[in-house]
$ cat start06.cif   # mmCIF, C-alpha atoms
data_my_file
loop_
_atom_site.group_PDB
_atom_site.id
_atom_site.type_symbol
_atom_site.label_atom_id
_atom_site.label_comp_id
_atom_site.auth_asym_id
_atom_site.auth_seq_id
_atom_site.Cartn_x
_atom_site.Cartn_y
_atom_site.Cartn_z
ATOM 1 C CA MET A 1 -37.556 -48.648 59.422
ATOM 2 C CA LYS A 2 -35.021 -46.039 58.282
ATOM 3 C CA ASN A 3 -32.512 -44.376 60.552
ATOM 4 C CA THR A 4 -33.870 -41.187 62.117
ATOM 5 C CA ILE A 5 -31.773 -38.097 61.360
ATOM 6 C CA PHE A 6 -32.727 -36.369 64.612
ATOM 7 C CA GLU A 7 -35.440 -36.296 67.250
ATOM 8 C CA GLY A 8 -36.569 -33.048 68.830
ATOM 9 C CA ALA A 9 -35.912 -29.561 67.499
ATOM 10 C CA ALA A 10 -33.710 -28.540 64.581
ATOM 11 C CA THR A 11 -33.130 -24.835 64.141
ATOM 12 C CA ALA A 12 -33.719 -23.508 60.653
ATOM 13 C CA ILE A 13 -30.877 -21.140 61.374
ATOM 14 C CA ILE A 14 -30.623 -17.615 60.016
ATOM 15 C CA THR A 15 -27.643 -16.642 57.879
ATOM 16 C CA PRO A 16 -26.357 -13.373 59.351
ATOM 17 C CA LEU A 17 -25.664 -11.022 56.448
ATOM 18 C CA THR A 18 -24.189 -7.613 55.870
ATOM 19 C CA GLU A 19 -24.115 -5.538 52.703
ATOM 20 C CA SER A 20 -20.781 -7.170 51.855
ATOM 21 C CA GLY A 21 -21.783 -10.812 52.452
ATOM 22 C CA VAL A 22 -22.130 -13.463 55.149
ATOM 23 C CA ASP A 23 -21.221 -12.350 58.682
ATOM 24 C CA TYR A 24 -19.300 -15.442 59.743
ATOM 25 C CA GLU A 25 -18.369 -14.094 63.179
ATOM 26 C CA SER A 26 -22.044 -13.744 64.133
ATOM 27 C CA PHE A 27 -22.848 -17.053 62.426
ATOM 28 C CA ALA A 28 -20.221 -18.848 64.526
ATOM 29 C CA ARG A 29 -21.456 -17.289 67.781
ATOM 30 C CA LEU A 30 -25.037 -18.233 66.954
ATOM 31 C CA ILE A 31 -24.106 -21.837 66.153
ATOM 32 C CA GLU A 32 -22.128 -22.135 69.405
ATOM 33 C CA TRP A 33 -25.016 -20.723 71.447
ATOM 34 C CA GLN A 34 -27.504 -23.061 69.790
ATOM 35 C CA ILE A 35 -25.396 -26.099 70.663
ATOM 36 C CA ALA A 36 -24.741 -24.867 74.212
ATOM 37 C CA GLU A 37 -28.498 -24.470 74.688
ATOM 38 C CA GLY A 38 -29.106 -28.080 73.677
ATOM 39 C CA ILE A 39 -30.498 -27.866 70.151
ATOM 40 C CA ASP A 40 -30.887 -31.268 68.503
ATOM 41 C CA ALA A 41 -29.858 -30.363 64.916
ATOM 42 C CA ILE A 42 -29.164 -27.360 62.692
ATOM 43 C CA VAL A 43 -30.550 -26.659 59.213
ATOM 44 C CA ALA A 44 -28.291 -24.372 57.191
ATOM 45 C CA CYS A 45 -29.327 -22.337 54.139
ATOM 46 C CA GLY A 46 -33.003 -23.192 54.229
ATOM 47 C CA THR A 47 -35.819 -20.675 53.835
ATOM 48 C CA THR A 48 -34.914 -19.013 57.144
ATOM 49 C CA GLY A 49 -31.263 -18.999 56.096
ATOM 50 C CA GLU A 50 -32.139 -17.060 52.918
ATOM 51 C CA GLY A 51 -30.721 -19.796 50.715
ATOM 52 C CA SER A 52 -32.732 -18.505 47.754
ATOM 53 C CA THR A 53 -30.838 -15.193 47.613
ATOM 54 C CA LEU A 54 -27.349 -16.396 48.524
ATOM 55 C CA THR A 55 -24.966 -16.601 45.615
ATOM 56 C CA ASP A 56 -23.826 -20.088 44.657
ATOM 57 C CA ALA A 57 -20.436 -19.436 46.273
ATOM 58 C CA GLU A 58 -22.036 -18.048 49.454
ATOM 59 C CA HIS A 59 -24.475 -20.969 49.671
ATOM 60 C CA LYS A 60 -21.712 -23.547 49.461
ATOM 61 C CA ALA A 61 -19.400 -21.636 51.777
ATOM 62 C CA ALA A 62 -22.129 -21.225 54.407
ATOM 63 C CA ILE A 63 -22.878 -24.956 54.367
ATOM 64 C CA SER A 64 -19.181 -25.814 54.719
ATOM 65 C CA PHE A 65 -18.735 -23.249 57.488
ATOM 66 C CA CYS A 66 -21.704 -24.613 59.443
ATOM 67 C CA VAL A 67 -20.456 -28.205 59.125
ATOM 68 C CA GLU A 68 -16.970 -27.206 60.279
ATOM 69 C CA GLN A 69 -18.232 -25.067 63.171
ATOM 70 C CA VAL A 70 -20.624 -27.741 64.436
ATOM 71 C CA ALA A 71 -17.860 -30.341 64.160
ATOM 72 C CA GLY A 72 -20.135 -33.348 64.530
ATOM 73 C CA ARG A 73 -21.776 -32.266 67.804
ATOM 74 C CA VAL A 74 -25.269 -32.314 66.295
ATOM 75 C CA PRO A 75 -26.519 -33.241 62.811
ATOM 76 C CA VAL A 76 -26.217 -30.550 60.151
ATOM 77 C CA ILE A 77 -28.912 -30.570 57.476
ATOM 78 C CA ALA A 78 -28.142 -28.565 54.344
ATOM 79 C CA GLY A 79 -30.811 -26.794 52.344
ATOM 80 C CA THR A 80 -30.057 -27.889 48.782
ATOM 81 C CA GLY A 81 -33.428 -27.775 47.041
ATOM 82 C CA SER A 82 -34.244 -25.644 44.016
ATOM 83 C CA ASN A 83 -36.766 -25.320 41.209
ATOM 84 C CA ASP A 84 -33.805 -26.137 38.949
ATOM 85 C CA ILE A 85 -33.119 -29.815 39.664
ATOM 86 C CA ALA A 86 -29.716 -29.671 37.953
ATOM 87 C CA TYR A 87 -28.691 -26.927 40.399
ATOM 88 C CA ALA A 88 -30.180 -28.870 43.311
ATOM 89 C CA LEU A 89 -28.097 -31.874 42.235
ATOM 90 C CA ASP A 90 -24.938 -29.763 42.243
ATOM 91 C CA LEU A 91 -25.688 -28.333 45.695
ATOM 92 C CA THR A 92 -26.601 -31.756 47.071
ATOM 93 C CA LYS A 93 -23.382 -33.363 45.826
ATOM 94 C CA TYR A 94 -21.387 -30.460 47.253
ATOM 95 C CA ALA A 95 -23.087 -30.664 50.662
ATOM 96 C CA CYS A 96 -22.506 -34.422 50.813
ATOM 97 C CA GLU A 97 -18.793 -33.916 50.166
ATOM 98 C CA ALA A 98 -18.689 -31.054 52.686
ATOM 99 C CA GLY A 99 -19.910 -33.410 55.412
ATOM 100 C CA ALA A 100 -23.550 -32.446 55.913
ATOM 101 C CA ASP A 101 -25.533 -35.232 57.586
ATOM 102 C CA ALA A 102 -28.704 -34.825 55.506
ATOM 103 C CA MET A 103 -30.297 -32.620 52.852
ATOM 104 C CA LEU A 104 -33.487 -30.569 53.041
ATOM 105 C CA VAL A 105 -34.980 -30.438 49.539
ATOM 106 C CA VAL A 106 -37.937 -28.178 48.837
ATOM 107 C CA SER A 107 -40.491 -29.029 46.175
ATOM 108 C CA PRO A 108 -39.836 -27.127 42.921
ATOM 109 C CA TYR A 109 -41.263 -23.609 43.070
ATOM 110 C CA TYR A 110 -42.494 -21.247 40.344
ATOM 111 C CA ASN A 111 -42.360 -23.790 37.504
ATOM 112 C CA LYS A 112 -44.099 -26.245 39.876
ATOM 113 C CA ALA A 113 -44.560 -29.879 38.804
ATOM 114 C CA THR A 114 -47.082 -32.653 38.468
ATOM 115 C CA GLN A 115 -47.004 -35.324 41.174
ATOM 116 C CA GLY A 116 -45.137 -37.498 38.668
ATOM 117 C CA GLY A 117 -42.647 -34.698 38.162
ATOM 118 C CA LEU A 118 -42.144 -34.433 41.914
ATOM 119 C CA ILE A 119 -41.468 -38.163 42.165
ATOM 120 C CA ALA A 120 -38.981 -38.069 39.280
ATOM 121 C CA SER A 121 -37.220 -34.984 40.703
ATOM 122 C CA PHE A 122 -36.893 -36.204 44.277
ATOM 123 C CA GLU A 123 -35.840 -39.688 43.209
ATOM 124 C CA LYS A 124 -33.140 -38.194 40.975
ATOM 125 C CA LEU A 125 -31.809 -36.199 43.937
ATOM 126 C CA ALA A 126 -32.022 -39.204 46.247
ATOM 127 C CA ASP A 127 -30.163 -41.387 43.758
ATOM 128 C CA ALA A 128 -27.343 -38.847 43.538
ATOM 129 C CA SER A 129 -27.037 -38.120 47.260
ATOM 130 C CA THR A 130 -24.807 -40.091 49.601
ATOM 131 C CA LYS A 131 -26.798 -38.719 52.564
ATOM 132 C CA PRO A 132 -30.502 -39.004 53.409
ATOM 133 C CA LEU A 133 -33.042 -36.496 52.138
ATOM 134 C CA ILE A 134 -35.769 -34.647 54.006
ATOM 135 C CA LEU A 135 -38.556 -33.584 51.660
ATOM 136 C CA TYR A 136 -39.807 -30.057 52.322
ATOM 137 C CA ASN A 137 -43.481 -29.497 51.623
ATOM 138 C CA VAL A 138 -44.435 -25.826 51.826
ATOM 139 C CA PRO A 139 -47.085 -25.152 49.159
ATOM 140 C CA SER A 140 -47.767 -21.608 50.417
ATOM 141 C CA ARG A 141 -44.338 -20.710 49.024
ATOM 142 C CA THR A 142 -43.974 -23.154 46.149
ATOM 143 C CA GLY A 143 -47.515 -23.409 44.791
ATOM 144 C CA CYS A 144 -46.932 -27.145 44.694
ATOM 145 C CA ASN A 145 -48.263 -29.628 47.282
ATOM 146 C CA ILE A 146 -46.561 -33.001 47.752
ATOM 147 C CA LEU A 147 -49.688 -35.128 48.169
ATOM 148 C CA PRO A 148 -49.763 -37.962 50.724
ATOM 149 C CA ALA A 149 -49.882 -40.661 48.048
ATOM 150 C CA THR A 150 -46.788 -39.102 46.475
ATOM 151 C CA VAL A 151 -45.007 -39.100 49.837
ATOM 152 C CA ALA A 152 -45.906 -42.789 50.219
ATOM 153 C CA THR A 153 -44.322 -43.539 46.838
ATOM 154 C CA LEU A 154 -41.185 -41.552 47.676
ATOM 155 C CA ALA A 155 -40.948 -43.205 51.097
ATOM 156 C CA GLN A 156 -40.088 -46.447 49.323
ATOM 157 C CA HIS A 157 -36.729 -44.945 48.322
ATOM 158 C CA GLU A 158 -34.060 -45.969 50.818
ATOM 159 C CA ASN A 159 -32.469 -42.512 50.731
ATOM 160 C CA ILE A 160 -35.649 -40.495 51.407
ATOM 161 C CA ALA A 161 -35.837 -40.501 55.174
ATOM 162 C CA ALA A 162 -38.254 -37.784 56.248
ATOM 163 C CA ILE A 163 -40.581 -34.959 55.344
ATOM 164 C CA LYS A 164 -40.874 -31.458 56.757
ATOM 165 C CA GLU A 165 -44.619 -30.819 56.640
ATOM 166 C CA ALA A 166 -45.347 -27.098 56.408
ATOM 167 C CA THR A 167 -48.767 -27.291 54.774
ATOM 168 C CA GLY A 168 -50.494 -26.266 57.997
ATOM 169 C CA ASN A 169 -52.976 -29.030 57.208
ATOM 170 C CA ILE A 170 -53.081 -31.491 60.105
ATOM 171 C CA SER A 171 -55.413 -33.765 58.157
ATOM 172 C CA GLN A 172 -52.761 -34.102 55.453
ATOM 173 C CA VAL A 173 -50.093 -34.881 58.069
ATOM 174 C CA ALA A 174 -52.367 -37.583 59.479
ATOM 175 C CA GLU A 175 -52.825 -39.089 56.032
ATOM 176 C CA VAL A 176 -49.060 -39.140 55.444
ATOM 177 C CA ALA A 177 -48.606 -40.894 58.787
ATOM 178 C CA GLN A 178 -51.335 -43.417 57.963
ATOM 179 C CA LEU A 179 -49.986 -44.207 54.499
ATOM 180 C CA CYS A 180 -46.281 -44.281 55.326
ATOM 181 C CA GLY A 181 -46.031 -45.715 58.840
ATOM 182 C CA ASP A 182 -42.388 -46.055 59.847
ATOM 183 C CA LYS A 183 -41.115 -45.724 56.272
ATOM 184 C CA ILE A 184 -40.700 -41.960 56.657
ATOM 185 C CA ASP A 185 -40.211 -39.608 59.608
ATOM 186 C CA ILE A 186 -42.421 -36.541 59.883
ATOM 187 C CA TYR A 187 -41.228 -33.176 61.192
ATOM 188 C CA SER A 188 -43.463 -30.205 61.804
ATOM 189 C CA GLY A 189 -42.571 -27.257 59.614
ATOM 190 C CA ASN A 190 -44.844 -24.959 61.626
ATOM 191 C CA ASP A 191 -43.939 -23.838 65.141
ATOM 192 C CA ASP A 192 -47.599 -23.457 66.078
ATOM 193 C CA GLN A 193 -48.213 -27.151 65.311
ATOM 194 C CA ILE A 194 -45.337 -28.901 67.086
ATOM 195 C CA VAL A 195 -47.487 -30.793 69.591
ATOM 196 C CA PRO A 196 -50.216 -31.693 67.071
ATOM 197 C CA VAL A 197 -47.616 -33.208 64.719
ATOM 198 C CA LEU A 198 -45.938 -35.063 67.587
ATOM 199 C CA SER A 199 -49.346 -36.501 68.473
ATOM 200 C CA LEU A 200 -49.474 -38.042 64.997
ATOM 201 C CA GLY A 201 -46.128 -39.747 65.502
ATOM 202 C CA GLY A 202 -43.895 -36.878 64.400
ATOM 203 C CA LYS A 203 -40.223 -36.933 65.363
ATOM 204 C CA GLY A 204 -39.903 -33.228 66.051
ATOM 205 C CA VAL A 205 -39.811 -29.827 64.391
ATOM 206 C CA ILE A 206 -37.655 -27.864 61.981
ATOM 207 C CA SER A 207 -38.118 -24.584 63.744
ATOM 208 C CA VAL A 208 -37.872 -20.828 63.350
ATOM 209 C CA LEU A 209 -38.776 -20.247 67.009
ATOM 210 C CA SER A 210 -35.685 -22.152 68.135
ATOM 211 C CA ASN A 211 -33.439 -19.441 66.712
ATOM 212 C CA LEU A 212 -34.583 -17.485 69.792
ATOM 213 C CA LEU A 213 -35.470 -20.354 72.134
ATOM 214 C CA PRO A 214 -33.410 -23.453 71.272
ATOM 215 C CA LYS A 215 -33.493 -24.965 74.757
ATOM 216 C CA GLU A 216 -37.215 -24.427 75.180
ATOM 217 C CA THR A 217 -38.190 -25.687 71.718
ATOM 218 C CA SER A 218 -36.155 -28.840 72.246
ATOM 219 C CA LEU A 219 -37.660 -29.257 75.719
ATOM 220 C CA MET A 220 -41.181 -28.998 74.305
ATOM 221 C CA CYS A 221 -40.436 -32.073 72.196
ATOM 222 C CA LYS A 222 -38.603 -33.905 74.990
ATOM 223 C CA LYS A 223 -41.513 -33.434 77.387
ATOM 224 C CA TYR A 224 -43.852 -34.974 74.821
ATOM 225 C CA PHE A 225 -41.553 -37.925 74.161
ATOM 226 C CA GLU A 226 -41.221 -38.547 77.909
ATOM 227 C CA GLY A 227 -44.997 -38.670 78.352
ATOM 228 C CA ASP A 228 -45.497 -35.181 79.780
ATOM 229 C CA VAL A 229 -48.063 -34.224 77.152
ATOM 230 C CA LYS A 230 -49.648 -31.549 79.354
ATOM 231 C CA GLY A 231 -46.249 -29.951 79.961
ATOM 232 C CA SER A 232 -45.443 -29.987 76.271
ATOM 233 C CA LEU A 233 -48.836 -28.503 75.415
ATOM 234 C CA ALA A 234 -48.392 -25.786 78.041
ATOM 235 C CA MET A 235 -45.152 -24.722 76.345
ATOM 236 C CA GLN A 236 -46.787 -24.792 72.895
ATOM 237 C CA LEU A 237 -49.508 -22.444 74.128
ATOM 238 C CA GLN A 238 -47.128 -20.257 76.131
ATOM 239 C CA TYR A 239 -45.065 -19.444 73.073
ATOM 240 C CA LEU A 240 -47.955 -19.089 70.641
ATOM 241 C CA PRO A 241 -48.041 -15.245 70.786
ATOM 242 C CA LEU A 242 -44.285 -15.130 70.080
ATOM 243 C CA ILE A 243 -44.675 -17.657 67.255
ATOM 244 C CA ASN A 244 -47.454 -15.553 65.741
ATOM 245 C CA ALA A 245 -45.247 -12.456 65.935
ATOM 246 C CA LEU A 246 -42.420 -14.347 64.202
ATOM 247 C CA PHE A 247 -44.806 -14.997 61.317
ATOM 248 C CA SER A 248 -46.580 -11.614 61.272
ATOM 249 C CA GLU A 249 -44.558 -10.946 58.127
ATOM 250 C CA VAL A 250 -43.027 -13.446 55.746
ATOM 251 C CA ASN A 251 -40.221 -15.534 57.250
ATOM 252 C CA PRO A 252 -37.354 -14.697 57.794
ATOM 253 C CA ILE A 253 -38.142 -10.982 58.098
ATOM 254 C CA PRO A 254 -39.273 -11.113 61.769
ATOM 255 C CA VAL A 255 -36.675 -13.630 62.964
ATOM 256 C CA LYS A 256 -33.902 -11.530 61.419
ATOM 257 C CA ALA A 257 -35.139 -8.551 63.473
ATOM 258 C CA ALA A 258 -35.348 -10.743 66.573
ATOM 259 C CA MET A 259 -31.847 -12.149 66.234
ATOM 260 C CA ALA A 260 -30.388 -8.700 65.561
ATOM 261 C CA ALA A 261 -32.025 -7.523 68.796
ATOM 262 C CA MET A 262 -30.325 -10.447 70.568
ATOM 263 C CA GLY A 263 -26.942 -9.449 69.151
ATOM 264 C CA TYR A 264 -26.565 -11.990 66.367
ATOM 265 C CA GLY A 265 -25.754 -9.877 63.344
ATOM 266 C CA GLU A 266 -27.423 -6.996 61.582
ATOM 267 C CA ASN A 267 -31.088 -6.733 60.719
ATOM 268 C CA TYR A 268 -30.105 -7.035 57.070
ATOM 269 C CA LEU A 269 -32.060 -8.850 54.358
ATOM 270 C CA ARG A 270 -31.718 -9.082 50.617
ATOM 271 C CA LEU A 271 -34.429 -7.898 48.272
ATOM 272 C CA PRO A 272 -37.202 -8.772 47.720
ATOM 273 C CA LEU A 273 -37.223 -9.077 51.532
ATOM 274 C CA THR A 274 -37.236 -5.806 53.461
ATOM 275 C CA PRO A 275 -36.885 -4.980 57.179
ATOM 276 C CA MET A 276 -39.868 -5.546 59.453
ATOM 277 C CA GLU A 277 -42.570 -2.886 59.637
ATOM 278 C CA SER A 278 -42.281 -0.873 62.830
ATOM 279 C CA ALA A 279 -45.728 -1.776 64.217
ATOM 280 C CA HIS A 280 -45.045 -5.499 63.855
ATOM 281 C CA GLU A 281 -41.508 -5.131 65.202
ATOM 282 C CA LYS A 282 -42.774 -3.343 68.297
ATOM 283 C CA VAL A 283 -45.081 -6.283 69.114
ATOM 284 C CA LEU A 284 -42.287 -8.796 68.528
ATOM 285 C CA LEU A 285 -39.789 -6.966 70.729
ATOM 286 C CA GLU A 286 -42.322 -6.554 73.530
ATOM 287 C CA LEU A 287 -42.979 -10.299 73.509
ATOM 288 C CA MET A 288 -39.250 -10.958 73.517
ATOM 289 C CA LYS A 289 -38.879 -8.703 76.558
ATOM 290 C CA LYS A 290 -41.663 -10.636 78.276
ATOM 291 C CA GLU A 291 -39.685 -13.850 77.695
ATOM 292 C CA GLN A 292 -36.515 -12.074 78.905
ATOM 293 C CA LEU A 293 -34.767 -12.584 75.592
ATOM 294 C CA ILE A 294 -33.729 -8.934 75.381
#

$ encode --input "start06.cif" --output "structure tokens"
Amino acid sequence: MKNTIFEGAATAIITPLTESGVDYESFARLIEWQIAEGIDAIVACGTTGEGSTLTDAEHKAAISFCVEQVAGRVPVIAGTGSNDIAYALDLTKYACEAGADAMLVVSPYYNKATQGGLIASFEKLADASTKPLILYNVPSRTGCNILPATVATLAQHENIAAIKEATGNISQVAEVAQLCGDKIDIYSGNDDQIVPVLSLGGKGVISVLSNLLPKETSLMCKKYFEGDVKGSLAMQLQYLPLINALFSEVNPIPVKAAMAAMGYGENYLRLPLTPMESAHEKVLLELMKKEQLI
């Protein structure tokens, strides 16, 4: 059995941006609030953190800033994946030296890969990293599915500790669990499937919802772990409308609007992402009012 990086909820945290760059004042306040609310880990510069449109300097600086601000209070997981494995290697080595506790590495996008190519790529990253890797499987974005048999092969590597499963396919999650056992931890990559993934032995969630509701998302997992399955399920269903609103447009468009409404930076995104459409935003803000978030 490998060491578990975290149990519960990790926030795939937004990177507050302005036209001139990263808004570090808002970023610091958001990190402090997340920790005060009891979040279990923080993922910096992932999909939600707009890692794909940060410059190389911004990406590295944001990882370092997050590590320094968190100061060891919870694990920091750095998004260092890329379709360019040489660039992913550079980011991974940097994040290791900066003090990140683990890396989140997405499967190569656009150029895609065979399953053999995925194995070779992830093993190369794992060999170079001094910290454990979390594989990130999100074929809706990458066009490339990390198949369960491939996960089972990668799970043999001592430095590949977990997978963020964002396929939306519970049957695939079950197959990964069956093939890998305790050789790899599974995290839900979908906020609407936290409880289902926990029921298959998952260790928690890497969450967008927890940007808004860190305490509640963590509690949903804690209730499940403590045997209060009905309580955990009730929370999953309670927040389903809000989760759906947060994914009514491509992530992180809605969560950026939500966090701006809560006072954490501007509602600013970089192209090709654009601000949320008004009809969708109205629904999101109404649901946030219902939950007394604004």

$ atom_distance --input "start06.cif" --atom1 "atom CA of A:Leu273" --atom2 "atom CA of A:Thr217"
26.2 Å

$ closest_atom_pairs --input "start06.cif" --of "stretch 136-248 of chain A" --to "stretch 26-30 of chain A" --cutoff "12 Å" --atoms "all atoms listed in the file" --output "CSV"
residue,atom,partner,partner_atom,distance
A:Ser210,CA,A:Leu30,CA,11.4
A:Asn211,CA,A:Leu30,CA,8.5
A:Leu212,CA,A:Leu30,CA,10.0
A:Leu213,CA,A:Leu30,CA,11.8
A:Pro214,CA,A:Leu30,CA,10.8

$ closest_atom_pairs --input "start06.cif" --of "stretch 149-216 of chain A" --to "stretch 237-247 of chain A" --cutoff "7 Å" --atoms "all atoms listed in the file" --output "Markdown table"
| residue | atom | partner | partner_atom | distance |
| --- | --- | --- | --- | --- |
| A:Asp191 | CA | A:Ile243 | CA | 6.6 |
| A:Asp192 | CA | A:Leu240 | CA | 6.3 |
| A:Leu209 | CA | A:Ile243 | CA | 6.4 |

$ residues_near_point --input "start06.cif" --point "(-39.0, -10.0, 60.9)" --cutoff "10 Å" --atoms "all atoms listed in the file" --output "PDB file with C-alpha atoms, keeping the file's coordinate frame"
ATOM      1  CA  ALA A 245     -45.247 -12.456  65.935  1.00  0.00           C
ATOM      2  CA  LEU A 246     -42.420 -14.347  64.202  1.00  0.00           C
ATOM      3  CA  PHE A 247     -44.806 -14.997  61.317  1.00  0.00           C
ATOM      4  CA  SER A 248     -46.580 -11.614  61.272  1.00  0.00           C
ATOM      5  CA  GLU A 249     -44.558 -10.946  58.127  1.00  0.00           C
ATOM      6  CA  VAL A 250     -43.027 -13.446  55.746  1.00  0.00           C
ATOM      7  CA  ASN A 251     -40.221 -15.534  57.250  1.00  0.00           C
ATOM      8  CA  PRO A 252     -37.354 -14.697  57.794  1.00  0.00           C
ATOM      9  CA  ILE A 253     -38.142 -10.982  58.098  1.00  0.00           C
ATOM     10  CA  PRO A 254     -39.273 -11.113  61.769  1.00  0.00           C
ATOM     11  CA  VAL A 255     -36.675 -13.630  62.964  1.00  0.00           C
ATOM     12  CA  LYS A 256     -33.902 -11.530  61.419  1.00  0.00           C
ATOM     13  CA  ALA A 257     -35.139  -8.551  63.473  1.00  0.00           C
ATOM     14  CA  ALA A 258     -35.348 -10.743  66.573  1.00  0.00           C
ATOM     15  CA  MET A 259     -31.847 -12.149  66.234  1.00  0.00           C
ATOM     16  CA  ALA A 260     -30.388  -8.700  65.561  1.00  0.00           C
ATOM     17  CA  ASN A 267     -31.088  -6.733  60.719  1.00  0.00           C
ATOM     18  CA  LEU A 269     -32.060  -8.850  54.358  1.00  0.00           C
ATOM     19  CA  LEU A 273     -37.223  -9.077  51.532  1.00  0.00           C
ATOM     20  CA  THR A 274     -37.236  -5.806  53.461  1.00  0.00           C
ATOM     21  CA  PRO A 275     -36.885  -4.980  57.179  1.00  0.00           C
ATOM     22  CA  MET A 276     -39.868  -5.546  59.453  1.00  0.00           C
ATOM     23  CA  GLU A 277     -42.570  -2.886  59.637  1.00  0.00           C
ATOM     24  CA  SER A 278     -42.281  -0.873  62.830  1.00  0.00           C
ATOM     25  CA  HIS A 280     -45.045  -5.499  63.855  1.00  0.00           C
ATOM     26  CA  GLU A 281     -41.508  -5.131  65.202  1.00  0.00           C
ATOM     27  CA  LEU A 284     -42.287  -8.796  68.528  1.00  0.00           C
TER      28      LEU A 284
END

$ atom_distance --input "start06.cif" --atom1 "atom CA of A:Asn145" --atom2 "atom CA of A:Ile184"
17.2 Å

$ atom_distance --input "start06.cif" --atom1 "atom CA of A:Ala95" --atom2 "atom CA of A:Glu68"
11.9 Å

$ axis_aligned_box --input "start06.cif" --around "stretch 284-288 of chain A" --padding-each-side "8 Å" --output "JSON"
{"center_x": -41.1, "center_y": -8.8, "center_z": 71.0, "size_x": 19.7, "size_y": 20.4, "size_z": 21.0}

$ residues_around --input "start06.cif" --residues "stretch 159-164 of chain A" --least-positions-apart "6" --cutoff "6 Å" --atoms "all atoms listed in the file" --output "list in words"
Ala126, Pro132, Leu133, Ile134, Leu135, Tyr136, Ile184, Asp185, Ile186, Tyr187, Ser188 and Gly189 of chain A

$ resolve_selection --input "start06.cif" --expression "the PyMOL selection byres ((chain A and resi 82) around 9)" --output "mmCIF file with C-alpha atoms, in the frame of the given file"
data_model
loop_
_atom_site.group_PDB
_atom_site.id
_atom_site.type_symbol
_atom_site.label_atom_id
_atom_site.label_comp_id
_atom_site.auth_asym_id
_atom_site.auth_seq_id
_atom_site.Cartn_x
_atom_site.Cartn_y
_atom_site.Cartn_z
ATOM 1 C CA SER A 52 -32.732 -18.505 47.754
ATOM 2 C CA THR A 80 -30.057 -27.889 48.782
ATOM 3 C CA GLY A 81 -33.428 -27.775 47.041
ATOM 4 C CA ASN A 83 -36.766 -25.320 41.209
ATOM 5 C CA ASP A 84 -33.805 -26.137 38.949
ATOM 6 C CA ILE A 85 -33.119 -29.815 39.664
ATOM 7 C CA ALA A 86 -29.716 -29.671 37.953
ATOM 8 C CA TYR A 87 -28.691 -26.927 40.399
ATOM 9 C CA ALA A 88 -30.180 -28.870 43.311
ATOM 10 C CA LEU A 89 -28.097 -31.874 42.235
ATOM 11 C CA VAL A 105 -34.980 -30.438 49.539
ATOM 12 C CA VAL A 106 -37.937 -28.178 48.837
ATOM 13 C CA SER A 107 -40.491 -29.029 46.175
ATOM 14 C CA PRO A 108 -39.836 -27.127 42.921
ATOM 15 C CA TYR A 109 -41.263 -23.609 43.070
#

$ closest_residue --input "start06.cif" --among "A:Cys66, A:Leu154, A:Ala12, A:Leu104" --to "A:Ser207" --atoms "only C-alpha atoms"
A:Ala12

$ resolve_selection --input "start06.cif" --expression "the PyMOL selection byres ((chain A and resi 172-179) around 7)" --output "number ranges by chain"
A: 148, 151-152, 165, 169-171, 180-181, 200

$ residues_around --input "start06.cif" --residues "stretch 17-23 of chain A" --least-positions-apart "6" --cutoff "9 Å" --atoms "all atoms listed in the file" --output "PyMOL selection string"
chain A and resi 54+58+62+265-270
